[in-house]
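Visitor: Can you keep this structure in mind? I'll have questions shortly.
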Amino acid sequence: MIEKQSNKLRVCLISPVPPPYGGISNWTLLLHKYLSAIDDVEIFQLDTSPRWREIYDLSIPKRIIGGGFQLIRDLIRLITILIKNDTDIIHLTTSGSLQLVQNWVFCYVANIFKIPVVYHIRFGRIPEMAKHNTLEWRVFVKVIRLTSMVISITSDTCNTIKHCIPGIKTLYIPNPIDLDELPETRNNDFDEKMVLFLGHVIPTKGVRELVQAWAKISPQKWKLIIAGPGKQEYKQRLLDEYKPSNLSFIGELSHDDALQLMSRCSLVILPSHIEGFPNVILEAMAATCPVIASDVGGVKEVITDGVTGWLTRPGDKFDLADKINFVLSKQDEVNKIKQQAFNFVVQNFSLTKMVSETEAIYKELCIGKGR
């Protein structure tokens with residue numbers, strides 16, 4: 001290893017970087033943006049984006065074979081970073097599932113190098129995994145025992161780990177919002193009458209239920225825009241099966257274009273079956289755009305039903321239709337809710353707070369390491 005030339009903390013950040021754009025990759029960009037403006041921490045990025053497949057292609061054989069090759073490539077890159085840069089900390093993000101195999105390998109290597117690992121859990125199904133003692137949970141436990149500190153983006157995940165795996169240091173740090181990057185809001189009076197879904201166009205995001213609900217209520221003069229990557233045949237099948245009016249699939253947008261579109265919309269809908277802590281909700285609330293979302297993962301930590309937004313039962317097209325109908329017909333009530341949502345986000349999910357807490361973890365582990 002080379003001798004250090006400065007007192008900066010050297011962190012190997014293992015996470016995806018756009019493209020494609022998503023919640024974890026957005027967090028990666030925010031962390032880089034903040035830390036690049038200070039002198040205490042130097043980041044060495046190991047980009048784990050699976051660019052060998054489309055993000056919505058969840059074929060298990062392809063993920064196993066392609067993921068295996070990527071694991072070998074990324075392992076070589078990780079060892080190179082650790083050797084060349086005398087790394088102090090490894091910050092490893094995870095979305096669970098098959099990625100746990102990669103997580104275990106990386107943590108094992110970190111232990112060989114005697115480098116502490118911050119394990120950042122970016123998905124929200126931990127309580128359910130623990131409850132049913134699934135194979136995924138058992139592998140997760142083996143990984144987590146190789147780490148020095150765990151960051152959870154939902155309080156339920158944090159509490160589950162503390163209860164089920166005693167002795168593991170776990171902190172709750174929710175996703176942040178960068179208010180500086182939001183465009184000027186232009187949706188206050190329902191002028192353009194646009195409703196937005198922003199995310200991957202796949203079944204687990206509740207797109208089918210959304211199309212069904214929209215076809216059921218067919219609100220006059222309103223338009224539903226579904227923005228995000230997805231298979232064309234899946235989109236066409238939904239259109240042919242339910243024949244919704246005033247609905248458009250517009251494909252994937254850049255983050256800036258997505259925020260610009262959101263600023264013109266009167267409602268954002270996220271009817272997912274599973275979620276971690278979706279950034280799109282924070283961005284919508286900060287843009288004073290009201291939100292309807294499924295009560296899954298960390299969503300309820302942001303949305304209190306009827307106070308900062310509206311919650312629906314996951315997979316329930318009838319409940320979703322009722323909530324959409326209510327929001328589109330109650331502008332006075334909506335104006336009150338979206339202001340409360342804006343205030344809540346600004347007070348609780350600042351970028352500065354999130355990164356300061358993360359930097360404090362780095363320093364604590366380095367002190368424990370004797371640096």
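Each chain in the structure tokens gets a letter, A, B and so on, in the order shown; residues start at 1 in every chain, and ligands are counted from 1 in the order they appear.
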Skip Asn343 in chain A itself and residues of its chain fewer than 2 positions away, then list as number ranges by chain all residues within 10 Å of it, counting only C-alpha atoms.
Guide: A: 285-286, 288, 308, 338-341, 345-348
Visitor: What's around range 10-21 of chain A at 6 Å? Count only C-alpha atoms, leave out sequence neighbours fewer than 3 positions away in its own chain, and write the answer as a PyMOL selection string.
Guide: chain A and resi 25+42-49+87-93
Visitor: From the options A:Leu253, A:Leu351, A:Leu239, A:Ile112, which residue's atoms come nearest to Asn175 in chain A, counting only C-alpha atoms?
Guide: A:Leu351
Visitor: Just want the 10 Å neighbourhood of Gly206 in chain A, counted on only C-alpha atoms, with same-chain residues fewer than 3 positions away dropped. Output as a PyMOL selection string.
Guide: chain A and resi 200-203+209-211+269-274+294+314-317
Visitor: Write out as a PyMOL selection string each polymer residue whose atoms come within 9 Å of Cys107 in chain A, counting only C-alpha atoms; drop sequence neighbours fewer than 5 positions from it.
Guide: chain A and resi 90+92+102+112+116-117+143-144+146-147
